[in-house]
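Source file: data-v1.cif; contents: mmCIF, C-alpha atoms.
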data_structure
loop_
_atom_site.label_atom_id
_atom_site.label_comp_id
_atom_site.auth_asym_id
_atom_site.auth_seq_id
_atom_site.Cartn_x
_atom_site.Cartn_y
_atom_site.Cartn_z
CA MET A 125 -163.27 -163.37 -64.48
CA ASN A 126 -167.01 -162.72 -64.11
CA TRP A 127 -167.14 -161.78 -67.74
CA VAL A 128 -165.49 -165.07 -68.74
CA ALA A 129 -167.91 -167.13 -66.64
CA ALA A 130 -170.93 -165.34 -68.13
CA ASN A 131 -169.80 -165.79 -71.72
CA THR A 132 -168.23 -169.25 -71.84
CA ALA A 133 -170.34 -170.50 -74.76
CA GLN A 134 -169.42 -167.52 -76.93
CA ILE A 135 -165.72 -167.84 -76.02
CA VAL A 136 -165.64 -171.56 -76.86
CA GLY A 137 -167.37 -170.87 -80.19
CA LEU A 138 -164.80 -168.24 -81.13
CA LEU A 139 -161.94 -170.49 -80.03
CA LEU A 140 -163.26 -173.24 -82.32
CA ALA A 141 -163.66 -170.74 -85.18
CA HIS A 142 -160.04 -169.69 -84.60
CA VAL A 143 -158.90 -173.31 -84.77
CA ALA A 144 -160.99 -173.92 -87.91
CA ILE A 145 -159.16 -171.07 -89.67
CA THR A 146 -155.61 -171.58 -88.40
CA ILE A 147 -155.17 -175.37 -88.60
CA PRO A 148 -156.05 -175.58 -92.35
CA ALA A 149 -153.82 -172.55 -92.97
CA ILE A 150 -150.87 -174.16 -91.16
CA LEU A 151 -151.35 -177.49 -93.00
CA LEU A 152 -151.68 -175.75 -96.38
CA SER A 153 -148.55 -173.70 -95.68
CA VAL A 154 -146.55 -176.87 -95.05
CA ALA A 155 -148.06 -178.61 -98.09
CA VAL A 156 -147.02 -175.73 -100.37
CA ALA A 157 -143.74 -174.60 -98.77
CA VAL A 158 -142.05 -178.02 -98.46
CA PRO A 159 -142.22 -178.86 -102.21
CA LEU A 160 -141.18 -175.26 -102.95
CA GLY A 161 -138.18 -175.64 -100.65
CA ARG A 162 -137.20 -178.87 -102.44
CA LEU A 163 -137.73 -177.19 -105.82
CA ALA A 164 -135.31 -174.45 -104.75
CA GLN A 165 -132.50 -177.07 -104.87
CA ALA A 166 -132.97 -177.47 -108.63
CA SER A 167 -130.83 -174.45 -109.51
CA GLY A 168 -129.54 -171.17 -108.16
CA ARG A 169 -132.07 -169.37 -110.30
CA ALA A 170 -134.98 -171.41 -108.93
CA ARG A 171 -133.80 -170.70 -105.39
CA GLY A 172 -133.39 -166.98 -106.08
CA GLY A 173 -136.82 -166.73 -107.71
CA ILE A 174 -138.64 -168.60 -104.95
CA LEU A 175 -136.95 -166.68 -102.12
CA ALA A 176 -137.45 -163.29 -103.80
CA THR A 177 -141.16 -163.96 -104.40
CA THR A 178 -141.83 -165.21 -100.88
CA GLY A 179 -139.85 -162.24 -99.47
CA ILE A 180 -142.15 -159.81 -101.29
CA LEU A 181 -145.29 -161.71 -100.21
CA TYR A 182 -144.17 -161.56 -96.58
CA ALA A 183 -143.81 -157.77 -96.77
CA ILE A 184 -147.50 -157.28 -97.67
CA PRO A 185 -149.45 -155.93 -94.66
CA SER A 186 -152.07 -158.38 -93.40
CA LEU A 187 -155.21 -156.23 -93.19
CA PRO A 188 -154.82 -154.87 -96.75
CA LEU A 189 -154.14 -158.40 -98.00
CA VAL A 190 -157.35 -159.66 -96.40
CA ILE A 191 -159.23 -156.89 -98.21
CA VAL A 192 -157.55 -157.44 -101.60
CA ILE A 193 -157.98 -161.26 -101.65
CA PRO A 194 -161.80 -161.28 -102.05
CA ALA A 195 -161.48 -158.88 -105.00
CA VAL A 196 -158.84 -161.10 -106.65
CA PHE A 197 -160.52 -164.47 -106.01
CA GLY A 198 -164.15 -163.30 -106.24
CA LEU A 199 -164.91 -164.37 -102.67
CA PRO A 200 -167.39 -162.69 -100.32
CA LEU A 201 -165.57 -160.17 -98.07
CA ARG A 202 -166.36 -161.92 -94.78
CA SER A 203 -165.60 -165.58 -95.59
CA ALA A 204 -163.26 -167.79 -93.60
CA ALA A 205 -161.70 -168.86 -96.92
CA THR A 206 -160.30 -165.33 -97.33
CA MET A 207 -158.53 -165.60 -93.99
CA ILE A 208 -157.20 -169.10 -94.73
CA ILE A 209 -155.75 -167.92 -98.06
CA ALA A 210 -154.12 -164.86 -96.46
CA LEU A 211 -152.62 -166.88 -93.60
CA THR A 212 -151.35 -169.49 -96.06
CA VAL A 213 -149.60 -166.77 -98.06
CA TYR A 214 -147.69 -165.68 -94.93
CA GLY A 215 -147.08 -169.25 -93.81
CA VAL A 216 -145.56 -170.19 -97.17
CA ALA A 217 -143.51 -166.99 -97.20
CA LEU A 218 -142.13 -167.80 -93.74
CA LEU A 219 -141.52 -171.52 -94.30
CA ALA A 220 -140.19 -171.64 -97.88
CA ARG A 221 -136.76 -170.23 -96.92
CA THR A 222 -136.48 -172.59 -93.94
CA ALA A 223 -137.48 -175.55 -96.13
CA ALA A 224 -134.93 -174.55 -98.79
CA ASP A 225 -132.22 -174.40 -96.11
CA ALA A 226 -133.37 -177.74 -94.67
CA PHE A 227 -133.04 -179.56 -98.00
CA ALA A 228 -129.80 -177.75 -98.82
CA SER A 229 -128.29 -179.13 -95.61
CA VAL A 230 -128.83 -182.78 -96.68
CA PRO A 231 -125.25 -183.99 -97.30
CA ALA A 232 -124.43 -184.61 -100.98
CA GLU A 233 -122.81 -188.00 -100.15
CA VAL A 234 -126.06 -189.20 -98.57
CA ALA A 235 -128.04 -188.25 -101.67
CA ALA A 236 -125.41 -189.92 -103.88
CA ALA A 237 -125.51 -193.08 -101.74
CA ALA A 238 -129.31 -193.20 -102.08
CA THR A 239 -129.04 -192.91 -105.85
CA ALA A 240 -126.35 -195.64 -105.90
CA THR A 241 -128.55 -198.02 -103.89
CA GLY A 242 -131.24 -197.66 -106.56
CA HIS A 243 -133.64 -195.11 -105.05
CA THR A 244 -135.81 -193.38 -107.62
CA SER A 245 -135.94 -189.63 -107.18
CA GLY A 246 -139.40 -189.95 -105.57
CA ALA A 247 -138.23 -192.58 -103.10
CA GLN A 248 -135.10 -190.60 -102.39
CA PHE A 249 -137.21 -187.53 -101.51
CA LEU A 250 -139.61 -189.49 -99.28
CA HIS A 251 -137.21 -191.89 -97.54
CA VAL A 252 -133.93 -190.00 -97.44
CA GLU A 253 -134.19 -186.24 -97.88
CA LEU A 254 -137.47 -185.65 -96.04
CA PRO A 255 -136.48 -187.48 -92.83
CA LEU A 256 -133.11 -185.68 -92.76
CA ALA A 257 -134.76 -182.31 -93.32
CA MET A 258 -137.51 -183.07 -90.78
CA PRO A 259 -136.05 -181.47 -87.61
CA VAL A 260 -135.54 -178.13 -89.39
CA LEU A 261 -138.94 -178.41 -91.10
CA ILE A 262 -140.65 -178.99 -87.75
CA ALA A 263 -138.84 -176.02 -86.22
CA GLY A 264 -139.99 -173.89 -89.17
CA THR A 265 -143.56 -175.15 -88.85
CA ARG A 266 -143.58 -174.14 -85.17
CA VAL A 267 -142.67 -170.59 -86.18
CA VAL A 268 -145.44 -170.63 -88.81
CA ALA A 269 -147.97 -171.91 -86.27
CA MET A 270 -147.17 -169.13 -83.79
CA SER A 271 -147.45 -166.36 -86.35
CA THR A 272 -150.59 -167.84 -88.00
CA ILE A 273 -152.45 -168.09 -84.69
CA GLY A 274 -151.53 -164.49 -83.78
CA LEU A 275 -152.35 -163.06 -87.21
CA ALA A 276 -155.75 -164.75 -87.53
CA THR A 277 -157.13 -162.21 -85.03
CA ILE A 278 -156.90 -159.52 -87.75
CA GLY A 279 -159.89 -161.09 -89.54
CA ALA A 280 -162.18 -159.76 -86.81
CA LEU A 281 -161.60 -156.24 -88.17
CA ILE A 282 -163.56 -157.11 -91.30
CA GLY A 283 -166.01 -159.42 -89.52
CA ILE A 284 -164.46 -162.90 -89.85
CA PRO A 285 -165.10 -164.53 -86.44
CA SER A 286 -162.10 -165.74 -84.40
CA LEU A 287 -160.58 -165.02 -80.99
CA GLY A 288 -159.92 -161.61 -82.55
CA SER A 289 -163.66 -160.93 -82.24
CA LEU A 290 -163.09 -160.70 -78.46
CA LEU A 291 -160.56 -157.93 -79.13
CA THR A 292 -162.81 -155.82 -81.39
CA ASP A 293 -166.02 -156.51 -79.43
CA GLY A 294 -164.30 -155.84 -76.10
CA PHE A 295 -162.90 -152.58 -77.43
CA GLN A 296 -166.23 -151.37 -78.81
CA ARG A 297 -168.11 -152.23 -75.62
CA GLY A 298 -165.30 -151.00 -73.37
CA ILE A 299 -164.77 -154.36 -71.61
CA ALA A 300 -161.04 -154.74 -70.89
CA ALA A 301 -161.59 -158.25 -69.50
CA GLU A 302 -162.93 -159.37 -72.88
CA VAL A 303 -159.88 -157.99 -74.72
CA ALA A 304 -157.54 -159.57 -72.16
CA THR A 305 -159.36 -162.91 -72.57
CA GLY A 306 -158.79 -162.72 -76.34
CA ILE A 307 -155.07 -162.06 -75.90
CA VAL A 308 -154.56 -164.77 -73.30
CA LEU A 309 -156.52 -167.41 -75.25
CA THR A 310 -154.61 -166.61 -78.46
CA LEU A 311 -151.30 -167.06 -76.64
CA ALA A 312 -152.57 -170.22 -74.93
CA LEU A 313 -153.73 -171.77 -78.21
CA ALA A 314 -150.34 -170.94 -79.75
CA ALA A 315 -148.57 -172.58 -76.81
CA VAL A 316 -150.68 -175.75 -77.11
CA VAL A 317 -150.10 -176.07 -80.87
CA ASP A 318 -146.40 -175.30 -80.42
CA GLY A 319 -146.09 -177.96 -77.72
CA SER A 320 -147.91 -180.53 -79.87
CA LEU A 321 -145.57 -179.88 -82.81
CA TRP A 322 -142.54 -180.20 -80.53
CA LEU A 323 -143.88 -183.51 -79.24
CA ALA A 324 -144.70 -184.73 -82.77
CA GLY A 325 -141.14 -183.86 -83.77
CA ARG A 326 -139.66 -185.86 -80.91
CA THR A 327 -141.81 -188.97 -81.36
CA SER A 328 -141.43 -189.02 -85.14
CA GLN A 329 -137.63 -188.76 -84.94
CA PRO A 330 -136.48 -191.17 -82.25
CA TRP A 331 -132.91 -191.00 -83.62
CA THR A 332 -132.55 -187.39 -82.45
CA ARG A 333 -133.18 -188.59 -78.89
CA VAL A 334 -130.64 -191.39 -79.28
CA ALA A 335 -128.11 -188.90 -80.62
CA GLY A 336 -128.85 -186.62 -77.67
CA ARG A 337 -128.31 -189.44 -75.19
CA ALA A 338 -125.12 -190.54 -76.96
CA ARG A 339 -123.77 -186.99 -76.72
CA GLY A 340 -124.73 -186.96 -73.05
CA VAL A 341 -122.73 -190.16 -72.47
CA ALA A 342 -119.73 -188.86 -74.39
CA ALA A 343 -119.73 -185.69 -72.34
CA MET B 78 -163.09 -155.45 -113.42
CA ASN B 79 -165.58 -152.77 -112.45
CA LEU B 80 -164.12 -152.78 -108.95
CA LEU B 81 -160.63 -152.26 -110.30
CA VAL B 82 -161.77 -149.29 -112.39
CA GLU B 83 -163.57 -147.77 -109.40
CA THR B 84 -160.47 -148.21 -107.23
CA VAL B 85 -158.25 -146.53 -109.81
CA LEU B 86 -160.79 -143.70 -110.17
CA TRP B 87 -160.79 -143.27 -106.38
CA LEU B 88 -157.00 -143.10 -106.37
CA VAL B 89 -156.73 -140.48 -109.13
CA ASP B 90 -159.60 -138.29 -107.88
CA PRO B 91 -158.04 -134.90 -106.93
CA ILE B 92 -160.41 -134.70 -103.92
CA HIS B 93 -158.41 -137.51 -102.31
CA TRP B 94 -155.09 -135.73 -102.76
CA SER B 95 -155.61 -132.71 -100.51
CA GLY B 96 -156.89 -131.73 -97.07
CA PRO B 97 -156.63 -133.41 -93.67
CA ASP B 98 -157.95 -136.72 -95.07
CA GLY B 99 -155.91 -136.50 -98.30
CA ILE B 100 -153.40 -139.14 -99.34
CA PRO B 101 -150.30 -136.92 -98.72
CA THR B 102 -151.44 -136.20 -95.13
CA ARG B 103 -152.32 -139.84 -94.37
CA LEU B 104 -149.05 -141.03 -95.90
CA ALA B 105 -147.06 -138.52 -93.82
CA GLN B 106 -148.88 -139.66 -90.66
CA HIS B 107 -148.23 -143.31 -91.47
CA VAL B 108 -144.51 -142.68 -92.03
CA GLY B 109 -144.39 -140.41 -88.96
CA VAL B 110 -145.91 -143.05 -86.67
CA THR B 111 -143.58 -145.70 -88.10
CA LEU B 112 -140.41 -143.64 -87.59
CA THR B 113 -141.49 -142.53 -84.08
CA VAL B 114 -142.07 -146.15 -83.09
CA ILE B 115 -138.73 -147.31 -84.51
CA ALA B 116 -136.90 -144.47 -82.73
CA ILE B 117 -138.49 -145.25 -79.34
CA ALA B 118 -138.04 -149.01 -79.77
CA GLY B 119 -134.41 -148.46 -80.79
CA VAL B 120 -133.65 -146.37 -77.70
CA ILE B 121 -135.06 -149.15 -75.50
CA ALA B 122 -133.89 -152.23 -77.41
CA LEU B 123 -130.35 -151.26 -78.48
CA PRO B 124 -128.87 -150.99 -74.95
CA ILE B 125 -130.62 -154.18 -73.83
CA GLY B 126 -129.42 -156.16 -76.86
CA ALA B 127 -125.92 -154.68 -76.63
CA TRP B 128 -125.59 -155.44 -72.92
CA MET B 129 -126.87 -159.01 -73.34
CA GLY B 130 -124.64 -159.54 -76.37
CA HIS B 131 -121.59 -158.03 -74.65
CA THR B 132 -122.01 -160.26 -71.59
CA ARG B 133 -123.25 -163.12 -73.83
CA ARG B 134 -126.13 -163.73 -71.47
CA GLY B 135 -129.82 -164.34 -71.99
CA GLU B 136 -129.86 -166.13 -75.34
CA ALA B 137 -132.65 -168.45 -74.22
CA THR B 138 -134.70 -165.51 -72.92
CA ILE B 139 -134.39 -163.74 -76.27
CA ALA B 140 -135.37 -166.86 -78.23
CA THR B 141 -138.49 -167.31 -76.07
CA LEU B 142 -139.32 -163.60 -76.35
CA VAL B 143 -138.98 -163.49 -80.13
CA ASN B 144 -140.94 -166.71 -80.62
CA GLY B 145 -143.69 -165.83 -78.14
CA SER B 146 -144.11 -162.34 -79.59
CA ARG B 147 -145.04 -163.89 -82.94
CA ALA B 148 -148.29 -165.19 -81.43
CA LEU B 149 -149.03 -161.99 -79.51
CA PRO B 150 -151.95 -160.35 -81.33
CA THR B 151 -150.99 -156.72 -82.02
CA LEU B 152 -154.69 -155.90 -82.40
CA GLY B 153 -155.13 -157.05 -78.78
CA LEU B 154 -152.41 -154.73 -77.50
CA VAL B 155 -153.78 -151.82 -79.56
CA THR B 156 -157.35 -152.24 -78.26
CA LEU B 157 -156.33 -152.95 -74.66
CA PHE B 158 -154.06 -149.88 -74.50
CA ALA B 159 -156.75 -147.78 -76.20
CA LEU B 160 -159.21 -148.76 -73.45
CA TRP B 161 -156.64 -147.68 -70.83
CA MET B 162 -155.18 -144.57 -72.50
CA GLY B 163 -158.17 -143.43 -74.54
CA ILE B 164 -158.66 -142.91 -78.26
CA GLY B 165 -155.62 -141.40 -79.93
CA VAL B 166 -152.20 -142.14 -81.23
CA ARG B 167 -150.51 -142.98 -77.90
CA ALA B 168 -152.06 -146.44 -77.54
CA PRO B 169 -151.07 -147.76 -80.99
CA ILE B 170 -147.58 -146.25 -80.63
CA LEU B 171 -147.06 -148.14 -77.37
CA ALA B 172 -148.39 -151.37 -78.95
CA LEU B 173 -146.15 -151.00 -81.99
CA VAL B 174 -143.10 -150.25 -79.81
CA ILE B 175 -143.71 -153.55 -78.00
CA LEU B 176 -144.01 -155.27 -81.39
CA ALA B 177 -140.72 -153.76 -82.64
CA ILE B 178 -138.54 -154.38 -79.58
CA PRO B 179 -137.92 -158.17 -79.95
CA SER B 180 -136.53 -157.90 -83.52
CA ILE B 181 -134.11 -155.11 -82.56
CA VAL B 182 -132.99 -156.81 -79.33
CA ALA B 183 -132.46 -160.09 -81.19
CA GLY B 184 -130.53 -158.46 -84.06
CA THR B 185 -128.34 -156.45 -81.67
CA TYR B 186 -127.73 -159.44 -79.43
CA SER B 187 -126.73 -161.77 -82.24
CA GLY B 188 -124.53 -159.11 -83.87
CA ILE B 189 -122.65 -158.14 -80.71
CA SER B 190 -122.32 -161.67 -79.34
CA SER B 191 -120.97 -163.06 -82.61
CA ALA B 192 -118.17 -160.50 -82.87
CA SER B 193 -114.98 -162.53 -83.33
CA ARG B 194 -113.48 -163.74 -80.05
CA GLN B 195 -109.96 -162.92 -81.23
CA ALA B 196 -110.93 -159.33 -82.05
CA VAL B 197 -112.50 -158.90 -78.61
CA GLU B 198 -109.52 -160.45 -76.80
CA ALA B 199 -107.08 -158.38 -78.87
CA ALA B 200 -108.99 -155.24 -77.85
CA ARG B 201 -108.75 -156.25 -74.18
CA ALA B 202 -105.04 -157.00 -74.55
CA LEU B 203 -104.53 -153.50 -75.99
CA GLY B 204 -106.04 -152.12 -72.79
CA HIS B 205 -109.55 -151.31 -73.99
CA THR B 206 -112.10 -151.05 -71.22
CA SER B 207 -115.29 -153.08 -71.46
CA TRP B 208 -117.12 -149.99 -72.79
CA GLN B 209 -114.40 -149.28 -75.38
CA THR B 210 -114.46 -152.90 -76.53
CA LEU B 211 -118.22 -152.66 -76.99
CA THR B 212 -118.27 -149.35 -78.85
CA ARG B 213 -115.05 -149.62 -80.88
CA VAL B 214 -114.83 -153.32 -81.68
CA GLU B 215 -118.05 -155.24 -81.14
CA ALA B 216 -120.51 -152.58 -82.33
CA PRO B 217 -118.80 -151.85 -85.69
CA LEU B 218 -118.52 -155.60 -86.38
CA ALA B 219 -122.18 -156.03 -85.46
CA MET B 220 -123.52 -153.22 -87.64
CA PRO B 221 -124.90 -155.37 -90.50
CA THR B 222 -126.75 -157.70 -88.11
CA ILE B 223 -128.09 -154.79 -86.04
CA GLY B 224 -129.26 -153.22 -89.31
CA GLY B 225 -131.04 -156.48 -90.14
CA GLY B 226 -132.88 -156.34 -86.82
CA PHE B 227 -133.97 -152.75 -87.49
CA GLN B 228 -135.03 -153.73 -91.00
CA SER B 229 -137.39 -156.48 -89.85
CA ALA B 230 -138.76 -154.21 -87.11
CA LEU B 231 -139.35 -151.45 -89.68
CA LEU B 232 -141.22 -153.77 -92.03
CA GLN B 233 -143.40 -155.13 -89.23
CA VAL B 234 -144.23 -151.65 -87.96
CA VAL B 235 -144.94 -150.05 -91.36
CA ALA B 236 -147.34 -152.93 -92.09
CA THR B 237 -148.99 -153.03 -88.67
CA ALA B 238 -149.32 -149.24 -88.37
CA THR B 239 -152.40 -149.80 -90.57
CA ILE B 240 -154.18 -151.10 -87.47
CA ALA B 241 -153.42 -147.87 -85.58
CA ALA B 242 -156.27 -146.33 -87.60
CA TYR B 243 -158.72 -148.58 -85.74
CA VAL B 244 -158.33 -146.50 -82.56
CA ALA B 245 -156.80 -143.24 -83.84
CA ASP B 246 -157.46 -140.83 -86.68
CA VAL B 247 -154.08 -141.53 -88.24
CA GLY B 248 -152.38 -143.20 -91.20
CA LEU B 249 -153.33 -144.94 -94.43
CA GLY B 250 -155.44 -147.45 -92.51
CA ARG B 251 -158.08 -144.72 -92.13
CA TYR B 252 -159.29 -145.40 -95.69
CA ILE B 253 -159.76 -149.07 -94.89
CA PHE B 254 -161.80 -148.45 -91.74
CA ALA B 255 -163.77 -145.56 -93.26
CA GLY B 256 -164.56 -147.76 -96.28
CA LEU B 257 -165.61 -150.63 -94.00
CA LYS B 258 -168.00 -148.35 -92.14
CA SER B 259 -169.64 -146.86 -95.25
CA ARG B 260 -169.42 -150.12 -97.25
CA ASP B 261 -167.26 -148.35 -99.81
CA TYR B 262 -165.21 -151.24 -101.19
CA PRO B 263 -163.24 -149.13 -103.73
CA GLU B 264 -162.06 -146.87 -100.87
CA MET B 265 -160.97 -149.91 -98.82
CA LEU B 266 -159.14 -151.33 -101.82
CA ALA B 267 -157.47 -147.97 -102.54
CA GLY B 268 -156.27 -147.77 -98.92
CA SER B 269 -155.03 -151.36 -99.12
CA VAL B 270 -153.15 -150.74 -102.37
CA LEU B 271 -151.49 -147.62 -100.91
CA THR B 272 -150.42 -149.47 -97.75
CA ILE B 273 -149.07 -152.41 -99.74
CA LEU B 274 -147.10 -150.06 -102.02
CA LEU B 275 -145.63 -148.25 -99.01
CA ALA B 276 -144.62 -151.56 -97.39
CA LEU B 277 -142.97 -152.81 -100.59
CA LEU B 278 -141.20 -149.46 -101.00
CA ALA B 279 -139.93 -149.69 -97.41
CA THR B 280 -138.66 -153.23 -98.08
CA ALA B 281 -136.83 -152.15 -101.21
CA GLY B 282 -135.49 -149.03 -99.46
CA ALA B 283 -134.17 -150.99 -96.48
CA ALA B 284 -132.49 -153.53 -98.79
CA GLY B 285 -130.95 -150.64 -100.75
CA VAL B 286 -129.54 -149.01 -97.61
CA GLY B 287 -128.08 -152.37 -96.58
CA ARG B 288 -126.37 -152.80 -99.95
CA LEU B 289 -125.02 -149.23 -99.86
CA TYR B 290 -123.64 -149.74 -96.35
CA ARG B 291 -121.91 -152.98 -97.35
CA ARG B 292 -120.39 -151.35 -100.43
CA LEU B 293 -119.07 -148.37 -98.45
CA THR B 294 -117.62 -150.45 -95.61
CA THR B 295 -116.04 -153.11 -97.85
CA ASN B 296 -114.38 -150.39 -99.92
CA GLU B 297 -112.99 -148.80 -96.78
CA GLY B 298 -111.67 -152.01 -95.33
CA ASN B 299 -110.34 -153.39 -98.58
CA PRO B 300 -108.79 -150.85 -100.95
CA LEU B 301 -108.48 -153.48 -103.68
#
Translate this structure into structure tokens?
Amino acid sequence: MNWVAANTAQIVGLLLAHVAITIPAILLSVAVAVPLGRLAQASGRARGGILATTGILYAIPSLPLVIVIPAVFGLPLRSAATMIIALTVYGVALLARTAADAFASVPAEVAAAATATGHTSGAQFLHVELPLAMPVLIAGTRVVAMSTIGLATIGALIGIPSLGSLLTDGFQRGIAAEVATGIVLTLALAAVVDGSLWLAGRTSQPWTRVAGRARGVAA
Amino acid sequence: MNLLVETVLWLVDPIHWSGPDGIPTRLAQHVGVTLTVIAIAGVIALPIGAWMGHTRRGEATIATLVNGSRALPTLGLVTLFALWMGIGVRAPILALVILAIPSIVAGTYSGISSASRQAVEAARALGHTSWQTLTRVEAPLAMPTIGGGFQSALLQVVATATIAAYVADVGLGRYIFAGLKSRDYPEMLAGSVLTILLALLATAGAAGVGRLYRRLTTNEGNPL
């Protein structure tokens, strides 16, 4: 506890650095994986190709990926961009399958009804398929957020600052309290982001609450 | 391009293929750590998952455990245990065991608990004890799902075992950390490429075993 009190400024700085890496990575993952998941509905071959590729990407170990990315993209080894790209790769790999399942579960009659009432394919995606897929997409995004926030600590091994810096610095200086602070803050940040996504899911989909209440009444 | 050439040259240099820091030794250590971790985690996680699945209790606990463990930084466990237990392979093994347990518990739980109700009740009606029902009915039905749990644990551990090299002189991760220290980027890249290849090989191998198992068991159960 003494260690925490004496180093608050440093801890807050690293927490902010952690947020600055993970939030863009989570948003980018969603922005890439959701269209991919929708694209997977086009044909069995599209689905197979997308799921096979993301499966392979997910199997790549994180530290080696962080080292290979600068060589591939011509980035400096210790840039935050490297970490954001790596985390986005895992986020997309995790979320694409969930997104594909979410869009696959939209009933065919609903899609047909939307077409019959004159929705263009763009409007159908935005106003019909996306809202119906939303609960599953949010659940998938929560999983991505948890794993992204945990994984971002790896960057500290090659010198990209984050809460992971507390782990490597604490280890090198032999301060267990510093390492413990890093672990606890990483878990706490994950819990806060997870809770916010849960709340966002509930407020953006009032009908799920109504359905829940209706079920409660029926029971 | 130059970097790529240097990495390839590093990889084919005979110096890096022998001795205590040679690729065969590091590869054997990496695989050894991975298999040790999976064995220990299996011994701990299988009974827990089987018991919870058999009694169909604790689903919420498992969901929380699996989800929470995603955010748990493995690097934090590795460094914290290394401070307690000292430099060496014990600390990363303990950290990796903790990483592997949730996947195996979850796979075992979901396999055992989703064994068909009728099959379980039929077994009871035939006079099977609870233990016999578990080992002769539920476990065989659960095998593919349990295998899936082991598969995801294996892939996580083979990938994360790279970090073990941060606190112990072990595994393919050594090249990455040695290269970081001496600013030898080709060595880091070579270590990364080797680790990635091993992980992809493990993925393909696990999928192959799964396919083989399905083919053997479907042939047995269905002579047509």
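Across the model, the gap from atom CA of Gly306 of chain A to atom CA of Gln233 of chain B is 21.5 Å.
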Since I can't run it myself right now, could you work out what the PyMOL selection byres ((chain B and resi 269) around 9) selects here and report it as a VMD selection string?
(chain A and resid 185 187 to 189 191 to 192) or (chain B and resid 249 to 250 252 to 253 264 to 268 270 to 274)
I would like the residues chosen by the PyMOL selection byres ((chain B and resi 97-111) around 10) on the shown file; could you give them as JSON, numbers by chain?
{"B": [88, 91, 92, 93, 94, 95, 96, 112, 113, 114, 115, 116, 166, 167, 169, 170, 173, 174, 230, 231, 232, 233, 234, 235, 236, 237, 238, 239, 241, 242, 246, 247, 248, 249, 250, 251, 252, 268, 271, 272, 275, 279]}
Between atom CA of Ile139 of chain B and atom CA of Val260 of chain A - distance in Å to one decimal
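So the two atoms, atom CA of Val260 of chain A and atom CA of Ile139 of chain B, lie 19.5 Å apart.
With atom CA of Gly126 of chain B on one side and atom CA of Ala219 of chain B on the other, the separation reads 11.2 Å.
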Polymer residues at most 12 Å from (-131.2, -177.5, -99.4) by all atoms listed in the file, as a ChimeraX atom specification
/A:158-168,170-171,220-232,235,249,253-254,256-257,260-261
